[in-house]
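Okay, structure first, notes after.
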Amino acid sequence: MKIFYEIQSFLEETYGAKTGLDVRDFIRPVAGLDNLGQLWVDQTQNGDLDVAVLLDRDILAAWEKPQDLSPRALSVSFEEISHFVYLAYNHERKRNITRLELEAQSEVDRILLAFHKTHEAHPHGGENLLNELVAIPYSDQAGSTYEEARELASKFIRNLSGGDPRTWTPTEFEILRKFFHSDLSEKIHLARGKKL
């Protein structure tokens with residue numbers, strides 16, 4: 001779907017993080033996926049990665065009629081595309097990343113995309129959908145890493161000039177880029193409002 005590539009391109013342009021890949025080539029539909037989406041990664045013996053973005057068939061079907069997309073479907077799609085971009089960009093640079101780093105980045109991206117891409121993805125969404133998407137909770141099975149990631153991302157976003165990325169200044173977008181290109185300890189530092 002074209003919108004998936006547009007979401008990927010928006011993230012890559014925002015962060016100056018071109019991957020040279022097209023997320024649509026990696027999307028695999030799965031029936032009855034409990035958490036609705038997942039980045040599947042397997043490392044081969046020579047160090048290459050086999051990657052797939054698993055999305056529940058119902059989410060993919062909902063994208064055929066964007067007006068029917070639920071906040072959860074939008075959120076999962078945004079998060080998995082963020083995971084893909086972050087993993088692909090860092091793997092190309094031979095930089096290992098942690099699960100917490102990956103999830104914290106996807107939390108920041110989910111908020112960024114909610115404000116900048118929700119209307120495109122869901123033409124009749126409006127502010128109610130946007131508010132639901134920003135506030136959507138993790139599932140009960142998500143675990144502590146996800147909660148830590150959300151807390152880290154929330155602290156970082158609060159240190160910018162408010163939670164609405166539409167009001168961020170060029171300086172704040174530079175800080176956002178720093179966050180993307182930082183390792184976990186640097187992300188924690190930035191979330192505390194410190195300069196690198």
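FYI, nothing fancy with the structure tokens labels: chains A, B, ... in order, residues from 1 per chain, ligands from 1 as they appear.
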Counting only C-alpha atoms, what is within 10 Å of region 8-18 of chain A, bar same-chain residues fewer than 2 positions away, as a PyMOL selection string?
chain A and resi 3-6+20-24+78+81-82+84-86+88-90+109+112-113+116-117+173-174+176-181
Which neighbours of Ile188 (chain A) fall inside 10 Å, counting only C-alpha atoms, when residues of the same chain fewer than 6 positions from it are skipped, and could you give them as a PyMOL selection string?
chain A and resi 101+104+152-153+155-156+179+182+194
Please produce a file of the residues just selected, as a tab-separated table (two decimals), in the first residue's frame, where the atoms kept are N, CA and C atoms.
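So the final result, stored in again-v7.tsv, reads:
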```tsv
chain	number	residue	atom	x	y	z
A	101	GLU	N	15.44	0.51	23.18
A	101	GLU	CA	15.74	1.58	22.23
A	101	GLU	C	14.74	1.58	21.07
A	104	ALA	N	11.27	2.61	22.39
A	104	ALA	CA	11.22	4.04	22.73
A	104	ALA	C	11.14	4.88	21.47
A	152	LEU	N	9.99	6.64	28.78
A	152	LEU	CA	11.16	7.32	28.23
A	152	LEU	C	10.75	8.28	27.10
A	153	ALA	N	9.91	7.79	26.19
A	153	ALA	CA	9.46	8.61	25.07
A	153	ALA	C	8.61	9.78	25.55
A	155	LYS	N	8.73	11.33	28.46
A	155	LYS	CA	9.61	12.33	29.08
A	155	LYS	C	10.31	13.16	28.00
A	156	PHE	N	10.79	12.47	26.98
A	156	PHE	CA	11.50	13.17	25.90
A	156	PHE	C	10.56	14.16	25.20
A	179	PHE	N	17.78	12.39	18.95
A	179	PHE	CA	17.20	11.24	19.66
A	179	PHE	C	17.24	9.99	18.78
A	182	SER	N	20.74	8.52	18.44
A	182	SER	CA	21.43	8.26	19.71
A	182	SER	C	21.26	6.81	20.15
A	194	LYS	N	18.64	16.93	28.99
A	194	LYS	CA	20.06	17.32	28.92
A	194	LYS	C	20.48	17.43	27.46
```
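Neighbours of Trp40 (chain A) closer than or equal to 7 Å, with only C-alpha atoms counted and sequence neighbours fewer than 4 positions away skipped, come out as Val51, Ala52, Val53 and Leu54 of chain A.
Closest to Arg166 (chain A) among A:Phe115, A:Gly193, A:Glu64, A:Val30 is A:Phe115, based on only C-alpha atoms.
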Write down as a PyMOL selection string the residues belonging to chain A that are assigned strand (DSSP E) by DSSP computed on the backbone.
chain A and resi 27-30+37-43+49-56
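For the pair CA of Glu79 (chain A) and CA of Arg110 (chain A), the separation is 5.9 Å.
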From CA of Arg28 (chain A) to CA of Asp56 (chain A) the spacing works out at 8.5 Å
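Closest approach to Ile7 (chain A) among A:Asn96, A:Ser185, A:Ser77, A:Ser106: A:Ser77, based on only C-alpha atoms.
Note that the spacing between CA of Lys187 (chain A) and CA of Tyr146 (chain A) amounts to 15.3 Å.
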DSSP on the backbone, helix (DSSP H, G or I) only: what residues of region 37-138 of chain A does that give? Format it as a ChimeraX atom specification.
/A:57-62,66-68,71-92,99-121,126-135
